[in-house]
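The file data-v6.txt contains compact mmCIF, C-alpha atoms and all ligand atoms:
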# COMPACT_ATOMS: atom_id res chain seq x y z
CA MET E 165 0.00 0.00 0.00
CA ASP E 166 1.27 3.50 -0.70
CA ALA E 167 0.26 6.69 1.10
CA ASN E 168 -2.69 7.30 -1.22
CA ASP E 169 -4.05 3.77 -0.81
CA ILE E 170 -3.92 4.21 2.93
CA ILE E 171 -5.69 7.55 3.05
CA GLU E 172 -8.34 6.16 0.73
CA ALA E 173 -8.94 3.18 3.03
CA ILE E 174 -9.13 5.51 6.02
CA SER E 175 -11.48 8.03 4.43
CA LYS E 176 -13.81 5.25 3.31
CA ASN E 177 -13.96 3.72 6.76
CA LEU E 178 -14.38 7.01 8.53
CA SER E 179 -17.29 8.02 6.32
CA GLU E 180 -19.17 4.75 5.95
CA ARG E 181 -19.61 3.42 9.42
CA ARG E 182 -20.62 -0.20 9.52
CA SER E 183 -23.89 -0.91 11.19
CA ALA E 184 -23.28 -1.50 14.86
CA ALA E 185 -24.13 -4.83 16.35
CA ALA E 186 -25.08 -5.83 19.86
CA LEU E 187 -22.84 -8.70 20.84
CA SER E 188 -23.98 -9.57 24.35
CA ASN E 189 -27.18 -10.25 26.18
CA TYR E 190 -28.01 -6.69 27.20
CA GLY E 191 -30.18 -7.67 30.18
CA VAL E 192 -27.44 -9.87 31.65
CA LEU E 193 -24.87 -7.19 30.93
CA CYS E 194 -26.91 -4.62 32.90
CA ASN E 195 -27.13 -7.04 35.85
CA ASN E 196 -23.38 -7.55 35.76
CA ILE E 197 -22.80 -3.81 35.69
CA GLY E 198 -25.19 -3.38 38.62
CA HIS E 199 -23.33 -6.10 40.55
CA LEU E 200 -19.87 -4.51 40.13
CA ASN E 201 -21.13 -0.94 40.49
CA LYS E 202 -22.83 -1.78 43.78
CA SER E 203 -19.74 -3.51 45.09
CA LEU E 204 -17.55 -0.52 44.27
CA GLU E 205 -20.06 1.85 45.85
CA GLU E 206 -20.01 -0.20 49.06
CA SER E 207 -16.23 0.07 49.23
CA LEU E 208 -16.60 3.87 49.30
CA SER E 209 -18.37 4.01 52.63
CA ASP E 210 -15.86 1.52 54.07
CA LEU E 211 -13.02 3.73 52.87
CA VAL E 212 -14.59 6.77 54.54
CA GLY E 213 -14.43 4.81 57.81
CA VAL E 214 -10.73 4.06 57.21
CA LEU E 215 -10.09 7.73 56.46
CA ASP E 216 -11.76 8.81 59.72
CA THR E 217 -9.75 6.33 61.80
CA ALA E 218 -6.48 7.26 60.11
CA THR E 219 -7.13 10.99 60.53
CA ALA E 220 -7.75 10.49 64.24
CA ASP E 221 -4.58 8.35 64.56
CA PHE E 222 -2.48 10.95 62.72
CA SER E 223 -3.48 13.63 65.22
CA SER E 224 -1.87 11.75 68.08
CA ASP E 225 1.92 11.44 68.42
CA THR E 226 1.58 8.24 70.43
CA ARG E 227 0.05 6.56 67.38
CA LEU E 228 2.75 7.79 64.97
CA THR E 229 6.22 6.42 64.30
CA ALA E 230 9.04 8.84 65.25
CA GLU E 231 9.67 10.20 61.72
CA TYR E 232 6.06 11.36 61.37
CA GLN E 233 5.47 12.87 64.81
CA HIS E 234 4.73 16.55 65.33
CA GLY E 235 7.75 18.64 64.35
CA ALA E 236 9.61 15.76 62.68
CA ALA E 237 10.73 16.02 59.04
CA LYS E 238 7.95 13.85 57.64
CA ALA E 239 5.15 15.27 59.81
CA PRO E 240 3.53 17.07 56.82
CA PHE E 241 2.53 13.67 55.42
CA THR E 242 0.01 13.29 58.25
CA ALA E 243 -1.93 16.10 56.55
CA VAL E 244 -1.07 15.10 52.97
CA ILE E 245 -2.13 11.43 53.05
CA PRO E 246 -5.71 12.10 54.26
CA THR E 247 -6.03 14.80 51.58
CA ILE E 248 -4.86 12.38 48.90
CA LEU E 249 -7.30 9.74 50.15
CA ARG E 250 -10.17 12.25 50.17
CA ASN E 251 -9.28 13.20 46.61
CA SER E 252 -9.31 9.54 45.52
CA LEU E 253 -12.72 9.11 47.14
CA SER E 254 -14.20 12.05 45.20
CA ILE E 255 -12.99 10.64 41.90
CA LEU E 256 -14.18 7.13 42.79
CA ARG E 257 -17.61 8.54 43.65
CA LYS E 258 -17.81 10.23 40.26
CA PHE E 259 -16.83 6.99 38.53
CA VAL E 260 -19.46 5.01 40.47
CA HIS E 261 -22.07 7.57 39.43
CA ARG E 262 -21.09 7.35 35.74
CA THR E 263 -21.07 3.56 35.66
CA ALA E 264 -24.50 2.82 37.13
CA PRO E 265 -26.51 0.35 35.02
CA ASP E 266 -28.99 1.80 32.51
CA ASP E 267 -32.44 2.52 33.87
CA ARG E 268 -34.85 0.97 31.40
CA ASN E 269 -38.03 1.49 33.40
CA GLY E 270 -40.86 2.72 31.22
CA VAL E 271 -38.77 2.89 28.03
CA THR E 272 -40.97 2.17 25.00
CA VAL E 273 -40.33 2.07 21.26
CA ASP E 274 -41.38 5.75 21.16
CA THR E 275 -38.91 6.81 23.85
CA VAL E 276 -36.08 4.35 23.12
CA GLY E 277 -34.09 7.29 21.69
CA GLN E 278 -33.24 8.29 25.26
CA LEU E 279 -31.12 5.13 25.47
CA ARG E 280 -29.00 6.20 22.51
CA ARG E 281 -25.37 6.70 23.52
CA SER E 282 -23.26 9.13 21.56
CA PHE E 283 -20.24 11.43 21.72
CA ASP E 284 -21.14 13.18 25.00
CA ASP E 285 -21.76 9.94 26.86
CA TYR E 286 -18.60 8.21 25.62
CA ASN E 287 -16.49 11.27 26.22
CA GLU E 288 -17.81 11.68 29.75
CA LEU E 289 -17.32 8.00 30.63
CA ALA E 290 -13.84 7.74 29.11
CA THR E 291 -12.70 10.99 30.72
CA THR E 292 -13.90 9.81 34.11
CA ALA E 293 -12.06 6.51 33.60
CA ARG E 294 -8.93 8.39 32.52
CA GLN E 295 -9.09 10.55 35.63
CA ILE E 296 -9.55 7.69 38.02
CA VAL E 297 -6.92 5.41 36.54
CA ASP E 298 -4.40 8.24 36.41
CA SER E 299 -5.06 9.59 39.87
CA LEU E 300 -5.28 6.26 41.73
CA VAL E 301 -1.93 5.28 40.23
CA SER E 302 -0.20 8.56 41.03
CA ASP E 303 -1.76 8.68 44.51
CA GLY E 304 -0.63 5.09 45.11
CA TYR E 305 2.86 6.09 43.99
CA GLN E 306 3.01 8.96 46.49
CA MET E 307 1.77 6.68 49.28
CA LEU E 308 4.53 4.19 48.56
CA LYS E 309 7.24 6.83 48.32
CA LEU E 310 6.28 9.15 51.22
CA ASP E 311 9.09 11.33 49.93
CA ALA E 312 9.01 15.13 50.23
CA ARG E 313 10.81 15.83 46.94
CA GLU E 314 8.58 13.41 44.99
CA LEU E 315 5.47 15.06 46.41
CA ASN E 316 6.85 18.57 45.79
CA TYR E 317 7.41 17.70 42.15
CA HIS E 318 3.88 16.45 41.73
CA VAL E 319 2.27 19.45 43.40
CA LEU E 320 4.57 22.14 41.95
CA VAL E 321 4.15 20.92 38.36
CA SER E 322 0.41 21.04 38.88
CA LEU E 323 0.53 24.44 40.57
CA ASN E 324 2.73 25.81 37.81
CA SER E 325 0.16 24.82 35.16
CA PHE E 326 -2.80 25.97 37.23
CA ASP E 327 -1.28 29.38 37.82
CA ARG E 328 -0.88 30.08 34.07
CA PHE E 329 -4.56 30.72 33.52
CA ALA E 330 -5.91 31.13 37.05
CA THR E 331 -8.04 34.24 37.50
CA ARG E 332 -7.32 36.81 40.21
CA SER E 333 -10.04 35.52 42.51
CA LEU E 334 -8.84 31.93 42.16
CA ARG E 335 -5.28 32.97 42.91
CA GLN E 336 -6.41 34.86 45.97
CA ALA E 337 -8.42 31.96 47.26
CA LEU E 338 -5.59 29.47 46.81
CA PHE E 339 -2.20 31.11 46.82
CA SER E 340 -0.69 32.32 50.07
CA GLN E 341 2.58 34.27 50.00
CA GLU E 342 4.29 31.03 51.04
CA VAL E 343 2.93 29.20 48.00
CA GLU E 344 3.93 32.12 45.73
CA ASP E 345 7.48 31.90 47.10
CA THR E 346 7.59 28.14 46.53
CA LEU E 347 6.38 28.53 42.99
CA ASN E 348 8.95 31.24 42.31
CA GLU E 349 11.69 28.98 43.54
CA PHE E 350 10.42 26.18 41.32
CA ARG E 351 10.43 28.52 38.32
CA GLN E 352 14.12 29.22 38.85
CA LEU E 353 14.75 25.61 37.86
CA SER E 354 15.30 24.63 34.25
CA PHE E 355 12.85 22.10 32.81
CA ALA E 356 15.63 19.48 32.89
CA GLN E 357 16.11 20.09 36.63
CA TRP E 358 12.45 19.57 37.55
CA LYS E 359 12.81 15.81 37.87
CA ASN E 360 15.90 16.03 40.04
CA SER E 361 16.74 19.14 42.04
CA ALA E 362 17.32 20.01 45.68
CA ILE E 363 13.58 20.57 46.15
CA THR E 364 11.98 18.21 43.63
CA ARG E 365 12.36 14.71 42.29
CA CYS E 366 10.45 12.36 40.02
CA GLU E 367 11.95 8.93 39.54
CA GLN E 368 9.00 7.46 37.62
CA PRO E 369 7.69 10.23 35.37
CA THR E 370 5.18 8.42 33.14
CA PHE E 371 2.00 6.54 33.94
CA ALA E 372 3.53 3.27 32.69
CA ASN E 373 6.70 3.80 34.78
CA LYS E 374 4.61 4.31 37.89
CA VAL E 375 2.45 1.22 37.26
CA ASP E 376 5.52 -0.98 36.77
CA HIS E 377 7.27 0.50 39.79
CA ILE E 378 4.28 0.00 42.12
CA LEU E 379 3.44 -3.50 40.91
CA GLY E 380 7.10 -4.47 41.29
CA ILE E 381 6.72 -3.69 44.99
CA VAL E 382 3.16 -4.73 45.89
CA ASN E 383 3.26 -7.62 43.39
CA PRO E 384 -0.36 -8.86 43.39
CA ALA E 385 -0.34 -12.59 42.65
CA LYS E 386 -4.06 -12.49 41.88
CA SER E 387 -3.81 -9.94 39.06
CA PRO E 388 -0.98 -11.08 36.76
CA ASN E 389 -2.29 -8.98 33.83
CA LEU E 390 -2.99 -5.84 35.80
CA ALA E 391 -0.10 -3.80 34.36
CA ASP E 392 -1.26 -4.41 30.78
CA THR E 393 -4.91 -3.81 31.64
CA LEU E 394 -4.11 -0.45 33.23
CA LYS E 395 -1.81 0.72 30.44
CA ASP E 396 -4.40 -0.27 27.83
CA LEU E 397 -7.21 1.42 29.72
CA PHE E 398 -5.09 4.55 30.10
CA LYS E 399 -4.28 4.72 26.37
CA PHE E 400 -7.82 3.92 25.31
CA SER E 401 -9.43 6.50 27.57
CA SER E 402 -6.78 9.10 26.64
CA GLU E 403 -7.76 8.63 23.00
CA PHE E 404 -11.29 9.71 23.86
CA THR E 405 -10.26 12.52 26.19
CA HIS E 406 -7.91 13.95 23.57
CA ILE E 407 -10.59 13.68 20.89
CA GLY E 408 -8.71 11.25 18.70
CA TYR E 409 -10.11 10.79 15.19
CA VAL E 410 -11.23 7.20 15.64
CA SER E 411 -13.07 7.63 18.93
CA THR E 412 -14.77 10.82 17.75
CA PHE E 413 -15.90 9.24 14.52
CA PHE E 414 -17.14 6.11 16.26
CA THR E 415 -19.33 8.02 18.68
CA SER E 416 -20.59 10.92 16.59
CA GLY E 417 -22.38 9.11 13.75
CA GLN E 418 -25.83 10.48 12.94
CA GLU E 419 -27.38 7.42 11.32
CA SER E 420 -30.48 5.88 12.87
CA GLU E 421 -30.19 2.63 14.76
CA ILE E 422 -32.06 -0.65 14.58
CA ILE E 423 -34.25 -1.19 17.64
CA PHE E 424 -33.51 -4.39 19.54
CA GLY E 425 -35.66 -5.82 22.30
CA ASP E 426 -35.73 -8.29 25.14
CA ASP E 427 -38.28 -9.14 27.83
CA GLN E 428 -37.60 -5.82 29.59
CA GLY E 429 -38.31 -3.70 26.55
CA PRO E 430 -36.57 -2.06 23.60
CA TYR E 431 -32.96 -0.89 23.41
CA LEU E 432 -30.43 0.23 20.81
CA PRO E 433 -27.09 -1.25 19.68
CA SER E 434 -25.28 1.88 20.93
CA THR E 435 -26.81 1.37 24.39
CA GLU E 436 -25.45 -2.13 24.51
CA ASN E 437 -22.01 -1.21 23.10
CA PHE E 438 -21.73 1.55 25.68
CA SER E 439 -22.68 -0.82 28.50
CA GLU E 440 -20.03 -3.30 27.43
CA LEU E 441 -17.43 -0.58 27.73
CA LYS E 442 -18.79 0.48 31.11
CA TYR E 443 -18.57 -3.11 32.29
CA GLU E 444 -14.95 -3.60 31.20
CA MET E 445 -13.94 -0.29 32.77
CA LEU E 446 -15.63 -1.20 36.05
CA ALA E 447 -13.77 -4.51 36.13
CA GLY E 448 -10.44 -2.76 35.45
CA ILE E 449 -10.95 -0.07 38.10
CA ILE E 450 -12.00 -2.63 40.73
CA GLN E 451 -8.80 -4.57 40.06
CA LEU E 452 -6.82 -1.34 40.28
CA LEU E 453 -8.38 -0.49 43.61
CA ALA E 454 -8.02 -3.96 45.16
CA ASP E 455 -4.60 -4.93 43.87
CA LEU E 456 -2.70 -1.67 43.47
CA TYR E 457 -4.20 1.28 45.33
CA LEU E 458 -5.22 -0.40 48.61
CA PRO E 459 -1.88 -2.22 49.05
CA CYS E 460 -0.10 1.16 48.66
CA LEU E 461 -2.34 2.65 51.32
CA VAL E 462 -1.57 -0.27 53.65
CA ARG E 463 2.15 0.38 53.21
CA ALA E 464 1.75 4.09 53.92
CA PHE E 465 -0.13 3.36 57.16
CA GLU E 466 2.48 0.80 58.19
CA ALA E 467 5.27 3.30 57.65
CA MET E 468 3.54 6.14 59.45
CA LEU E 469 1.76 4.44 62.35
CA VAL E 470 2.92 2.24 65.20
CA PRO E 471 2.00 -1.44 64.72
CA ASP E 472 -0.97 -1.26 67.12
CA ALA E 473 -2.53 1.54 65.09
CA ALA E 474 -1.60 0.22 61.64
CA ALA E 475 -2.88 -3.34 62.18
CA PRO E 476 -6.64 -2.60 62.33
CA LEU E 477 -6.38 -0.30 59.30
CA ARG E 478 -4.58 -3.00 57.39
CA LYS E 479 -7.33 -5.45 58.34
CA SER E 480 -10.08 -3.09 57.14
CA LEU E 481 -8.29 -2.39 53.84
CA GLU E 482 -7.69 -6.07 53.20
CA ALA E 483 -11.37 -6.77 53.83
CA ILE E 484 -12.32 -4.08 51.29
CA GLY E 485 -9.91 -5.56 48.75
CA ASN E 486 -11.22 -9.09 49.31
CA ALA E 487 -14.84 -7.98 48.89
CA GLN E 488 -13.94 -6.34 45.56
CA ARG E 489 -12.09 -9.43 44.34
CA GLU E 490 -15.04 -11.55 45.40
CA ALA E 491 -17.41 -9.35 43.39
CA LEU E 492 -15.20 -9.74 40.33
CA ALA E 493 -14.93 -13.50 40.73
CA SER E 494 -18.68 -14.00 41.18
CA ARG E 495 -19.76 -11.92 38.16
CA ASN E 496 -20.85 -13.57 34.98
CA ALA E 497 -19.74 -17.01 36.12
CA GLU E 498 -21.32 -20.26 35.01
CA TYR E 499 -22.81 -22.44 37.72
CA TYR E 500 -24.04 -26.01 37.48
CA PHE E 501 -27.12 -27.28 39.25
CA PHE E 502 -28.19 -30.88 39.61
CA VAL E 503 -31.89 -31.43 39.07
CA LYS E 504 -33.87 -34.60 39.60
CA SER E 505 -34.76 -36.08 36.25
CA GLY E 506 -38.31 -35.43 35.04
CA LEU E 507 -38.80 -32.07 36.76
CA ILE E 508 -37.77 -29.83 33.88
CA GLY E 509 -40.90 -29.27 31.81
CA SER E 510 -43.18 -30.34 34.69
CA GLU E 511 -45.37 -28.05 36.79
CA ALA E 512 -42.70 -27.76 39.54
CA SER E 513 -41.02 -24.47 40.43
CA LEU E 514 -37.26 -25.08 40.76
CA PRO E 515 -35.33 -22.92 43.29
CA LEU E 516 -31.85 -22.14 41.89
CA THR E 517 -29.67 -20.40 44.49
CA CYS E 518 -26.70 -18.60 42.96
CA LYS E 519 -23.27 -18.39 44.64
CA CYS E 520 -23.98 -14.69 45.26
CA GLY E 521 -26.97 -15.62 47.42
CA ARG E 522 -29.86 -14.64 45.11
CA THR E 523 -32.42 -17.39 44.42
CA ARG E 524 -34.24 -17.61 41.12
CA ASN E 525 -37.39 -19.68 41.23
CA TRP E 526 -37.45 -21.18 37.77
CA GLU E 527 -41.14 -21.36 37.01
CA PRO E 528 -42.93 -23.49 34.39
CA PRO E 529 -42.79 -23.54 31.41
CA HIS E 530 -39.05 -23.48 32.32
CA ASN E 531 -37.85 -21.10 29.69
CA PRO E 532 -34.06 -21.64 29.13
CA SER E 533 -33.56 -17.89 28.57
CA ASP E 534 -34.37 -17.37 32.28
CA LEU E 535 -31.43 -19.48 33.40
CA TYR E 536 -29.32 -16.68 34.80
CA CYS E 537 -28.90 -14.79 38.08
CA SER E 538 -30.62 -11.44 38.10
CA SER E 539 -28.19 -10.18 40.73
CA CYS E 540 -24.70 -10.99 39.43
CA GLY E 541 -25.54 -12.02 35.86
CA SER E 542 -24.07 -15.51 36.17
CA SER E 543 -25.60 -18.14 33.92
CA PHE E 544 -26.96 -21.45 35.11
CA ARG E 545 -26.50 -24.86 33.53
CA LEU E 546 -28.67 -27.74 34.66
CA LEU E 547 -27.70 -31.40 34.73
CA GLU E 548 -30.53 -33.89 35.10
CA ILE E 549 -29.81 -36.76 37.49
CA GLU E 550 -31.69 -40.08 37.43
CA GLY E 551 -32.84 -41.80 40.64
CA ASP E 552 -33.51 -40.73 44.20
CA GLY E 553 -29.99 -40.50 45.65
CA GLY E 554 -30.59 -37.08 47.13
CA TYR E 555 -26.98 -35.82 46.75
CA VAL E 556 -24.25 -35.66 44.14
CA PHE E 557 -20.59 -35.90 45.13
CA THR E 558 -18.58 -33.06 43.64
CA SER E 559 -15.11 -31.63 44.19
CA GLU E 560 -16.77 -29.09 46.50
CA GLY E 561 -18.41 -31.78 48.61
CA PRO E 562 -21.87 -33.36 48.46
CA ILE E 563 -24.51 -31.16 46.82
CA LYS E 564 -28.24 -31.66 47.09
CA ILE E 565 -30.08 -32.67 43.93
CA ILE E 566 -32.81 -30.08 43.37
CA GLY E 567 -36.24 -31.70 43.56
CA CYS E 568 -35.18 -34.55 45.91
CA ASP E 569 -36.90 -34.63 49.28
CA VAL E 570 -33.75 -34.25 51.44
CA PRO E 571 -32.25 -31.37 53.45
CA GLU E 572 -29.26 -29.34 52.20
CA PHE E 573 -26.02 -31.16 53.01
CA HIS E 574 -24.90 -28.53 55.54
CA ASP E 575 -28.26 -28.84 57.34
CA LEU E 576 -27.72 -32.58 58.04
CA PRO E 577 -26.68 -33.68 61.56
CA PRO E 578 -22.84 -33.80 61.88
CA ASP E 579 -22.64 -37.62 62.12
CA LYS E 580 -24.72 -37.93 58.94
CA GLN E 581 -22.41 -35.47 57.18
CA ARG E 582 -19.33 -37.42 58.34
CA SER E 583 -20.62 -40.77 57.14
CA MET E 584 -21.55 -39.28 53.78
CA LEU E 585 -18.09 -37.71 53.39
CA ALA E 586 -16.50 -41.08 54.25
CA LYS E 587 -18.61 -42.70 51.54
CA MET E 588 -17.55 -40.01 49.12
CA ASN E 589 -13.84 -40.58 49.89
CA GLU E 590 -14.30 -44.30 49.47
CA ALA E 591 -15.94 -43.78 46.09
CA ALA E 592 -13.12 -41.42 45.05
CA ASN E 593 -10.44 -43.96 46.14
CA ASN E 594 -12.12 -46.76 44.23
CA GLN E 595 -12.20 -44.55 41.16
CA ASP E 596 -8.46 -43.79 41.52
CA LYS E 597 -7.67 -47.53 41.58
CA SER E 598 -9.69 -48.42 38.48
ZN ZN Y 601 -25.75 -14.40 41.41

Output the file's structure as structure tokens, nothing else.
Amino acid sequence: MDANDIIEAISKNLSERRSAAALSNYGVLCNNIGHLNKSLEESLSDLVGVLDTATADFSSDTRLTAEYQHGAAKAPFTAVIPTILRNSLSILRKFVHRTAPDDRNGVTVDTVGQLRRSFDDYNELATTARQIVDSLVSDGYQMLKLDARELNYHVLVSLNSFDRFATRSLRQALFSQEVEDTLNEFRQLSFAQWKNSAITRCEQPTFANKVDHILGIVNPAKSPNLADTLKDLFKFSSEFTHIGYVSTFFTSGQESEIIFGDDQGPYLPSTENFSELKYEMLAGIIQLLADLYLPCLVRAFEAMLVPDAAAPLRKSLEAIGNAQREALASRNAEYYFFVKSGLIGSEASLPLTCKCGRTRNWEPPHNPSDLYCSSCGSSFRLLEIEGDGGYVFTSEGPIKIIGCDVPEFHDLPPDKQRSMLAKMNEAANNQDKS
């Protein structure tokens, strides 16, 4: 291809957009989004509790390690870290708000246009994602470093940009003489000196540098692909924020859309495409929070506080991280249920209890499209079992066959449970020998 061939291919593609297709089950997708969005929202109130405890601890020298006590060199961090955490919480709150599942109540074919997603929506979502991914990583970096020069660099670069266009009233509200003096000192430095001077330092200047640096230290075994996910999310969302040609074209088409529908009502391909993006971003940000940001916060608390004060904070943060990981693991999974043969297609209502705790009563006529969890979006597969055994032995222990007249395994008396487990082991051993 020469240059002209290439521009021809580009111009053709940018002017004749292919008709968009919905690739997922939109209803299930919305449930999945609701599941992750709710989980992230719950972590916010838990983090506010952590912030309150830490702020109280920081105000008392007996709770602080020597370097951070009143008057010591690193004492300013006792004010800086809560501010950083508060800032992260504001951005997280905005992200939670922007990634709520679509509200389809009362949407009809006449009003389905309100579900159309276009340039404004994509731009808003991607910009929010860009902000959160960028700021959680750079906040995490500062929490790991707890280094005055690193923090100075970050704040002075930002102040220097802000000051360029700040109006008089803004300057008055924000800039004390002390800050003016600091900024003037910073401006004496050449651009090359910014990253390494007597007052400033930045060892990991780019987003990718910071991600690699942090993950090299906190090293989350459970998220081996986190570095790539974050770098990809950062580049993708930057493309939208910077109004790249491709993202702008993709989201600003004027053509009308085909109306799709499911049992909840009508929707549009752009609604579904947008939701898919929302879902992937939610999953990425939850991983970022659980496996990068929270571990950095734990390390900051452990450096700044005496062990007695740091331990409960660590425990709370680990619980928040585990709840987020649990929400990710339980979304959109596939669960198997064992059902007594002959019940599917009968008049019986079959209770299917998902791992997340929600029960779907699968009512006759047993429509296969209802075999999913309305809470976490997981799908259900049923295996029909002949006979009246009551339980099936699985790698997770004996499981009750739905439709058999027996209690749940964990509701059996302990001696009954023990004898059944012994039988199961025996059966497993016999199978190993054959
Ligand atoms: Zn579920």

### Message
Given only C-alpha atoms and all ligand atoms as the basis, pick out the residue of E:Phe424, E:Tyr555, E:Tyr536, E:Phe404 nearest to ligand ZN 601 (chain Y).
### Response
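Smallest separation from ligand ZN 601 (chain Y) among the options: E:Tyr536.
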
Using all atoms listed in the file, the best pick from E:Ala493, E:Ala592, E:Leu576, E:Ala264 as closest to ligand ZN 601 (chain Y) would be E:Ala493

Can I get the residues of chain E within 10 Å of ligand ZN 601 (chain Y), each with the closest pair of atoms and their distance in Å to one decimal, using only C-alpha atoms and all ligand atoms, sorted chain first then ascending number, as CSV?
residue,atom,partner,partner_atom,distance
E:Asn195,CA,Y:ZN601,ZN,9.3
E:Asn196,CA,Y:ZN601,ZN,9.2
E:His199,CA,Y:ZN601,ZN,8.7
E:Ala491,CA,Y:ZN601,ZN,9.9
E:Ser494,CA,Y:ZN601,ZN,7.1
E:Arg495,CA,Y:ZN601,ZN,7.3
E:Asn496,CA,Y:ZN601,ZN,8.1
E:Ala497,CA,Y:ZN601,ZN,8.4
E:Glu498,CA,Y:ZN601,ZN,9.7
E:Tyr499,CA,Y:ZN601,ZN,9.3
E:Leu516,CA,Y:ZN601,ZN,9.9
E:Thr517,CA,Y:ZN601,ZN,7.8
E:Cys518,CA,Y:ZN601,ZN,4.6
E:Lys519,CA,Y:ZN601,ZN,5.7
E:Cys520,CA,Y:ZN601,ZN,4.2
E:Gly521,CA,Y:ZN601,ZN,6.3
E:Arg522,CA,Y:ZN601,ZN,5.5
E:Thr523,CA,Y:ZN601,ZN,7.9
E:Arg524,CA,Y:ZN601,ZN,9.1
E:Tyr536,CA,Y:ZN601,ZN,7.9
E:Cys537,CA,Y:ZN601,ZN,4.6
E:Ser538,CA,Y:ZN601,ZN,6.6
E:Ser539,CA,Y:ZN601,ZN,4.9
E:Cys540,CA,Y:ZN601,ZN,4.1
E:Gly541,CA,Y:ZN601,ZN,6.0
E:Ser542,CA,Y:ZN601,ZN,5.6
E:Ser543,CA,Y:ZN601,ZN,8.4
E:Phe544,CA,Y:ZN601,ZN,9.5

Shortest contact to Asp267 of chain E, candidates E:Asn373, E:Ser480, E:Ser513, E:Ser439, atoms counted only C-alpha atoms, goes to E:Ser439

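With distances restricted to only C-alpha atoms, E:Asn589 is the closest residue to Thr558 of chain E from E:Asn389, E:Gln357, E:Asn589, E:Asn348.
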
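One distance worth recording is that between atom CA of Asp345 of chain E and atom CA of Gly235 of chain E, which is 21.8 Å.
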
**Q.** Selected residue, from E:Ile563, E:Val470, E:Ala483, E:Ala290, that lies nearest to Glu231 of chain E when counting all atoms listed in the file
**A.**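 Ranking E:Ile563, E:Val470, E:Ala483, E:Ala290 by distance to Glu231 of chain E, first place goes to E:Val470.
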
List the residues sitting within 12 Å of (2.5, 15.0, 61.4) in the file's frame, using only C-alpha atoms, as a tab-separated table (two decimals) with C-alpha atoms, in the coordinates of the input.
chain	number	residue	atom	x	y	z
E	218	ALA	CA	-6.48	7.26	60.11
E	219	THR	CA	-7.13	10.99	60.53
E	220	ALA	CA	-7.75	10.49	64.24
E	221	ASP	CA	-4.58	8.35	64.56
E	222	PHE	CA	-2.48	10.95	62.72
E	223	SER	CA	-3.48	13.63	65.22
E	224	SER	CA	-1.87	11.75	68.08
E	225	ASP	CA	1.92	11.44	68.42
E	226	THR	CA	1.58	8.24	70.43
E	227	ARG	CA	0.05	6.56	67.38
E	228	LEU	CA	2.75	7.79	64.97
E	229	THR	CA	6.22	6.42	64.30
E	230	ALA	CA	9.04	8.84	65.25
E	231	GLU	CA	9.67	10.20	61.72
E	232	TYR	CA	6.06	11.36	61.37
E	233	GLN	CA	5.47	12.87	64.81
E	234	HIS	CA	4.73	16.55	65.33
E	235	GLY	CA	7.75	18.64	64.35
E	236	ALA	CA	9.61	15.76	62.68
E	237	ALA	CA	10.73	16.02	59.04
E	238	LYS	CA	7.95	13.85	57.64
E	239	ALA	CA	5.15	15.27	59.81
E	240	PRO	CA	3.53	17.07	56.82
E	241	PHE	CA	2.53	13.67	55.42
E	242	THR	CA	0.01	13.29	58.25
E	243	ALA	CA	-1.93	16.10	56.55
E	244	VAL	CA	-1.07	15.10	52.97
E	245	ILE	CA	-2.13	11.43	53.05
E	246	PRO	CA	-5.71	12.10	54.26
E	468	MET	CA	3.54	6.14	59.45
E	469	LEU	CA	1.76	4.44	62.35

Counting only C-alpha atoms, the residue among E:Glu436, E:Asp285, E:Asp298, E:Glu421 that lies closest to Ile449 of chain E is E:Asp298

Please identify all polymer residues within 7 Å of Leu461 of chain E, counting all atoms listed in the file, omitting same-chain residues fewer than 4 positions from it, and present them as number ranges by chain. E: 304, 307, 457, 465

Edge lengths and centre in Å, axis-aligned, segment 428-444 of chain E plus 5 Å each side, as lines of an AutoDock Vina configuration file:
center_x = -26.6
center_y = -2.0
center_z = 26.0
size_x = 33.4
size_y = 17.7
size_z = 22.6

query: Expressed in Å to a single decimal, how great is the separation between atom CA of Ile407 of chain E and atom CA of Pro265 of chain E?
result: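 One can read the atom CA of Ile407 of chain E to atom CA of Pro265 of chain E distance as 25.1 Å.
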